[in-house]
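Asks: Dropping in upload-v4.tsv, which is TSV, C-alpha atoms:
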```
chain	number	residue	atom	x	y	z
A	234	MET	CA	135.44	48.67	94.43
A	235	PRO	CA	135.79	47.81	98.09
A	236	ASP	CA	132.67	47.26	100.16
A	237	LEU	CA	132.16	50.21	102.47
A	238	PRO	CA	130.21	49.88	105.69
A	239	LEU	CA	126.62	51.14	105.48
A	240	PRO	CA	127.12	54.08	107.93
A	241	ILE	CA	129.95	55.46	105.77
A	242	LEU	CA	127.82	55.13	102.61
A	243	LEU	CA	124.92	56.91	104.31
A	244	LEU	CA	127.24	59.64	105.55
A	245	ALA	CA	128.72	60.10	102.07
A	246	ALA	CA	125.24	60.19	100.49
A	247	HIS	CA	124.09	62.73	103.07
A	248	ALA	CA	127.17	64.90	102.43
A	249	LEU	CA	126.54	64.73	98.68
A	250	VAL	CA	122.91	65.86	99.13
A	251	ILE	CA	124.04	68.78	101.30
A	252	ILE	CA	126.68	69.84	98.76
A	253	LEU	CA	124.17	69.62	95.88
A	254	ALA	CA	121.57	71.63	97.83
A	255	ALA	CA	124.15	74.31	98.61
A	256	LEU	CA	125.21	74.51	94.96
A	257	ILE	CA	121.59	74.78	93.80
A	258	ALA	CA	120.88	77.53	96.34
A	259	LEU	CA	124.03	79.38	95.32
A	260	PHE	CA	123.12	79.11	91.63
A	261	ARG	CA	119.58	80.38	92.23
A	262	THR	CA	120.81	83.32	94.31
A	263	ALA	CA	123.51	84.24	91.81
A	264	SER	CA	121.16	84.15	88.81
A	265	ARG	CA	118.29	86.05	90.44
A	266	PRO	CA	118.11	89.67	89.21
A	267	PRO	CA	118.69	92.20	92.01
A	268	TYR	CA	115.30	93.98	91.83
A	269	GLN	CA	112.48	94.67	94.20
A	270	ARG	CA	109.20	96.52	93.91
A	271	ASN	CA	109.66	100.29	94.20
A	272	PRO	CA	107.65	101.40	97.25
A	273	ASP	CA	107.98	105.04	96.12
A	274	PHE	CA	106.34	104.66	92.69
A	275	LEU	CA	104.71	108.07	93.15
A	276	THR	CA	106.14	110.73	95.40
A	277	PRO	CA	103.85	112.16	98.08
A	278	ALA	CA	103.36	115.29	95.93
A	279	GLU	CA	102.49	113.16	92.88
A	280	THR	CA	100.05	111.12	94.96
A	281	ILE	CA	98.23	114.25	96.16
A	282	PHE	CA	98.02	115.52	92.59
A	283	PHE	CA	96.89	112.12	91.28
A	284	ARG	CA	93.95	112.10	93.72
A	285	ALA	CA	92.91	115.61	92.64
A	286	LEU	CA	93.30	114.63	88.99
A	287	GLU	CA	91.04	111.62	89.54
A	288	GLN	CA	88.35	113.95	90.85
A	289	ALA	CA	88.88	116.43	88.01
A	290	VAL	CA	88.49	113.90	85.19
A	291	ASN	CA	85.98	111.53	86.84
A	292	ASP	CA	85.76	108.55	84.52
A	293	ASP	CA	86.26	110.59	81.34
A	294	PHE	CA	89.88	109.50	80.86
A	295	TYR	CA	92.38	106.95	82.04
A	296	ILE	CA	95.23	108.46	84.01
A	297	PHE	CA	98.59	106.88	83.28
A	298	PRO	CA	101.42	108.03	85.57
A	299	LYS	CA	105.08	108.09	84.59
A	300	ILE	CA	104.89	107.25	80.90
A	301	ARG	CA	108.13	107.35	78.93
A	302	LEU	CA	108.19	110.07	76.30
A	303	ALA	CA	109.32	107.38	73.84
A	304	ASP	CA	106.06	105.52	74.51
A	305	LEU	CA	104.06	108.62	73.60
A	306	LEU	CA	106.11	109.78	70.62
A	307	ALA	CA	107.75	108.08	67.69
A	308	VAL	CA	110.54	109.44	65.52
A	309	SER	CA	109.10	110.41	62.15
A	310	ASP	CA	109.96	108.16	59.21
A	311	GLY	CA	112.72	109.61	57.06
A	312	SER	CA	114.24	111.67	59.88
A	313	GLU	CA	117.97	112.20	59.77
A	314	ASN	CA	119.75	110.23	62.49
A	315	PRO	CA	116.63	108.65	64.00
A	316	SER	CA	118.60	106.85	66.71
A	317	ALA	CA	119.83	110.19	68.10
A	318	HIS	CA	116.27	111.56	68.12
A	319	PHE	CA	115.04	108.41	69.86
A	320	ALA	CA	117.82	108.66	72.45
A	321	ARG	CA	116.63	112.17	73.36
A	322	ILE	CA	113.16	110.87	74.28
A	323	SER	CA	113.95	107.39	75.56
A	324	GLN	CA	115.10	108.40	79.05
A	325	LYS	CA	112.48	111.06	79.77
A	326	HIS	CA	109.01	110.54	81.18
A	327	ILE	CA	105.83	112.53	81.60
A	328	ASP	CA	104.37	112.72	85.10
A	329	PHE	CA	100.77	111.99	84.03
A	330	THR	CA	99.04	111.31	80.73
A	331	LEU	CA	95.30	111.45	80.09
A	332	VAL	CA	94.24	108.73	77.69
A	333	ASP	CA	90.94	108.31	75.83
A	334	ARG	CA	89.02	105.45	77.44
A	335	GLN	CA	87.70	104.10	74.12
A	336	SER	CA	90.59	104.47	71.68
A	337	LEU	CA	93.40	104.41	74.28
A	338	ILE	CA	94.98	107.34	72.45
A	339	PRO	CA	96.99	109.74	74.64
A	340	LEU	CA	95.23	113.12	74.68
A	341	LEU	CA	97.09	115.27	77.20
A	342	ALA	CA	100.46	115.22	78.93
A	343	ILE	CA	100.63	116.72	82.41
A	344	GLU	CA	103.80	117.78	84.17
A	345	LEU	CA	103.82	118.54	87.87
A	346	ASP	CA	106.36	121.34	88.24
A	347	ASP	CA	108.16	121.48	91.58
A	348	SER	CA	111.10	123.71	92.49
A	349	SER	CA	113.49	121.52	90.46
A	350	HIS	CA	111.90	123.03	87.33
A	351	ASP	CA	113.53	126.36	88.23
A	352	ARG	CA	117.02	124.98	87.51
A	353	PRO	CA	118.47	125.91	84.10
A	354	GLU	CA	119.11	122.28	83.05
A	355	ARG	CA	115.54	121.34	83.97
A	356	GLN	CA	114.18	124.35	82.07
A	357	ALA	CA	116.11	123.19	78.99
A	358	ARG	CA	114.68	119.68	79.43
A	359	ASP	CA	111.15	121.09	79.79
A	360	ALA	CA	111.56	123.26	76.68
A	361	PHE	CA	112.69	120.23	74.68
A	362	VAL	CA	109.80	118.07	75.96
A	363	ASP	CA	107.27	120.83	75.25
A	364	ALA	CA	108.60	121.27	71.70
A	365	ALA	CA	108.62	117.51	71.06
A	366	LEU	CA	105.04	117.13	72.29
A	367	GLN	CA	103.91	120.17	70.29
A	368	SER	CA	105.46	118.78	67.11
A	369	ALA	CA	103.49	115.57	67.66
A	370	GLY	CA	100.26	117.45	68.36
A	371	LEU	CA	100.03	116.32	71.99
A	372	PRO	CA	99.23	119.22	74.33
A	373	ILE	CA	100.91	119.55	77.70
A	374	LEU	CA	99.63	121.08	80.90
A	375	HIS	CA	102.16	122.33	83.44
A	376	VAL	CA	100.80	122.43	86.98
A	377	PRO	CA	102.84	123.98	89.80
A	378	THR	CA	103.22	121.67	92.80
A	379	GLN	CA	100.89	122.66	95.63
A	380	GLN	CA	99.88	121.26	98.97
A	381	ALA	CA	96.30	120.92	97.70
A	382	TYR	CA	94.57	121.25	94.33
A	383	ASP	CA	91.15	122.47	93.26
A	384	PRO	CA	89.72	119.65	91.10
A	385	PRO	CA	87.09	121.87	89.36
A	386	ASN	CA	89.80	124.38	88.41
A	387	LEU	CA	92.02	121.55	87.21
A	388	ALA	CA	89.10	120.19	85.14
A	389	ARG	CA	88.63	123.63	83.51
A	390	SER	CA	92.34	123.78	82.60
A	391	ILE	CA	92.16	120.31	81.07
A	392	ARG	CA	88.99	121.07	79.09
A	393	ALA	CA	90.49	124.33	77.81
A	394	LEU	CA	93.56	122.55	76.44
A	395	LEU	CA	91.60	119.66	74.96
A	396	SER	CA	89.01	121.91	73.31
A	397	SER	CA	91.73	123.96	71.61
A	398	ARG	CA	93.11	120.88	69.84
A	399	PRO	CA	92.79	120.79	66.05
```
Could you express the structure from this file as structure tokens?
Replies:
Amino acid sequence: MPDLPLPILLLAAHALVIILAALIALFRTASRPPYQRNPDFLTPAETIFFRALEQAVNDDFYIFPKIRLADLLAVSDGSENPSAHFARISQKHIDFTLVDRQSLIPLLAIELDDSSHDRPERQARDAFVDAALQSAGLPILHVPTQQAYDPPNLARSIRALLSSRP
């Protein structure tokens, strides 16, 4: 191998470092999943309701927003075509769920019903969700979207549904 002058060796080494750095940066960028935090986790209407719900339940329950129906329900053992039943609940969520603070058992599903719930396809979805929750013994409270909520009235509605449970 011929002896190269030191400046050429340094230049070659520098070029190699730059190429390696560029390849590493390209690899990291290409392999990084394309996700960011969702700044709109709750809509403004859901946020207003959440604050009223906090007042209505005090510290009696945990409030879990946006829980998948498949996290609340399980397909019964021995069901015919369980994967089809699971598929029907896997892509749906409940707006809010009240959970027992001690046992962490879900006690009440709450749906905030805006004008989209007037559409026929949404009514069919709501009927399915209501029937699925009823079959599992999990009550659901439908609350029409409002500009403001009365926490004591909301608390009465919650107590009424929870006291009627078997």
Asks: Which residue gives the smallest distance to Tyr295 in chain A among A:Tyr382, A:Tyr268, A:Phe329, A:Phe361, with only C-alpha atoms counted?
Replies: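 Among A:Tyr382, A:Tyr268, A:Phe329, A:Phe361, it is A:Phe329 that comes nearest to Tyr295 in chain A.
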Asks: As number ranges by chain, please: the residues near Asp347 in chain A (cut-off 9 Å, only C-alpha atoms, same-chain neighbours under 4 positions excluded).
Replies: A: 278, 351, 376-379
Asks: Please provide the set of residues having any atom within 10 Å of Ala369 in chain A, restricted to all atoms listed in the file, with same-chain residues fewer than 6 positions apart removed, written as number ranges by chain.
Replies: A: 305-309, 363
Asks: Looking at A:Ile296, A:Glu313, A:Arg358, A:Ala320, which one is nearest to Ile343 in chain A, with distances taken over all atoms listed in the file?
Replies: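 Once distances to Ile343 in chain A are computed over all atoms listed in the file, the minimum belongs to A:Ile296.
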Asks: Using all atoms listed in the file, which of the listed residues (A:Asn291, A:Asn314, A:Thr280, A:Ser264) sits closest to Ala381 in chain A?
Replies: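 Looking at the shortest contact to Ala381 in chain A, the residue is A:Thr280.
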Asks: Quick one: pull the distance between CA of Pro385 in chain A and CA of Arg301 in chain A, Å, one decimal.
Replies: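 CA of Arg301 in chain A lies 27.6 Å from CA of Pro385 in chain A.
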Asks: Which residue out of A:Leu394, A:Ile252, A:Ala357, A:Ile257 has the minimum interatomic distance to Leu340 in chain A when only C-alpha atoms are used?
Replies: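 Comparing A:Leu394, A:Ile252, A:Ala357, A:Ile257 against Leu340 in chain A, the winner is A:Leu394.
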Asks: With only C-alpha atoms as the basis for distance, which of A:Gly311, A:Leu395, A:His326, A:Asp292 is at the shortest distance from Leu341 in chain A?
Replies: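 Answer, going by the shortest atom-to-atom distance: A:Leu395.
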Asks: Tell me which of A:His247, A:Arg355, A:Arg284, A:Arg270 sits closest to Pro384 in chain A, counting all atoms listed in the file.
Replies: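 Looking at the shortest contact to Pro384 in chain A, the residue is A:Arg284.
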Asks: Would you work out the distance separating CA of Ser323 in chain A from CA of Gln335 in chain A, expressed in Å to one decimal?
Replies: 26.5 Å
Asks: Hey, can you check how far CA of Pro315 in chain A sits from CA of Leu345 in chain A?
Replies: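 Those two atoms sit 28.8 Å apart.
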Asks: Can range 323-334 of chain A be brought up to N, CA and C atoms and written out as a CSV table (one decimal), keeping the file's coordinate frame?
Replies:
```
chain,number,residue,atom,x,y,z
A,323,SER,N,114.1,108.7,74.9
A,323,SER,CA,114.0,107.4,75.6
A,323,SER,C,114.1,107.4,77.1
A,324,GLN,N,114.8,108.4,77.6
A,324,GLN,CA,115.1,108.4,79.0
A,324,GLN,C,114.3,109.5,79.8
A,325,LYS,N,113.3,110.0,79.1
A,325,LYS,CA,112.5,111.1,79.8
A,325,LYS,C,111.1,110.5,80.0
A,326,HIS,N,110.4,111.0,81.0
A,326,HIS,CA,109.0,110.5,81.2
A,326,HIS,C,108.1,111.7,81.5
A,327,ILE,N,106.8,111.5,81.3
A,327,ILE,CA,105.8,112.5,81.6
A,327,ILE,C,105.2,112.1,82.9
A,328,ASP,N,104.9,113.1,83.8
A,328,ASP,CA,104.4,112.7,85.1
A,328,ASP,C,103.0,112.0,85.0
A,329,PHE,N,102.1,112.6,84.2
A,329,PHE,CA,100.8,112.0,84.0
A,329,PHE,C,100.3,112.2,82.6
A,330,THR,N,99.6,111.2,82.1
A,330,THR,CA,99.0,111.3,80.7
A,330,THR,C,97.6,110.9,80.8
A,331,LEU,N,96.7,111.8,80.2
A,331,LEU,CA,95.3,111.4,80.1
A,331,LEU,C,95.1,110.7,78.8
A,332,VAL,N,94.4,109.6,78.8
A,332,VAL,CA,94.2,108.7,77.7
A,332,VAL,C,92.7,108.5,77.5
A,333,ASP,N,92.3,108.6,76.2
A,333,ASP,CA,90.9,108.3,75.8
A,333,ASP,C,90.6,106.9,76.2
A,334,ARG,N,89.4,106.8,76.9
A,334,ARG,CA,89.0,105.4,77.4
A,334,ARG,C,88.6,104.5,76.3
```
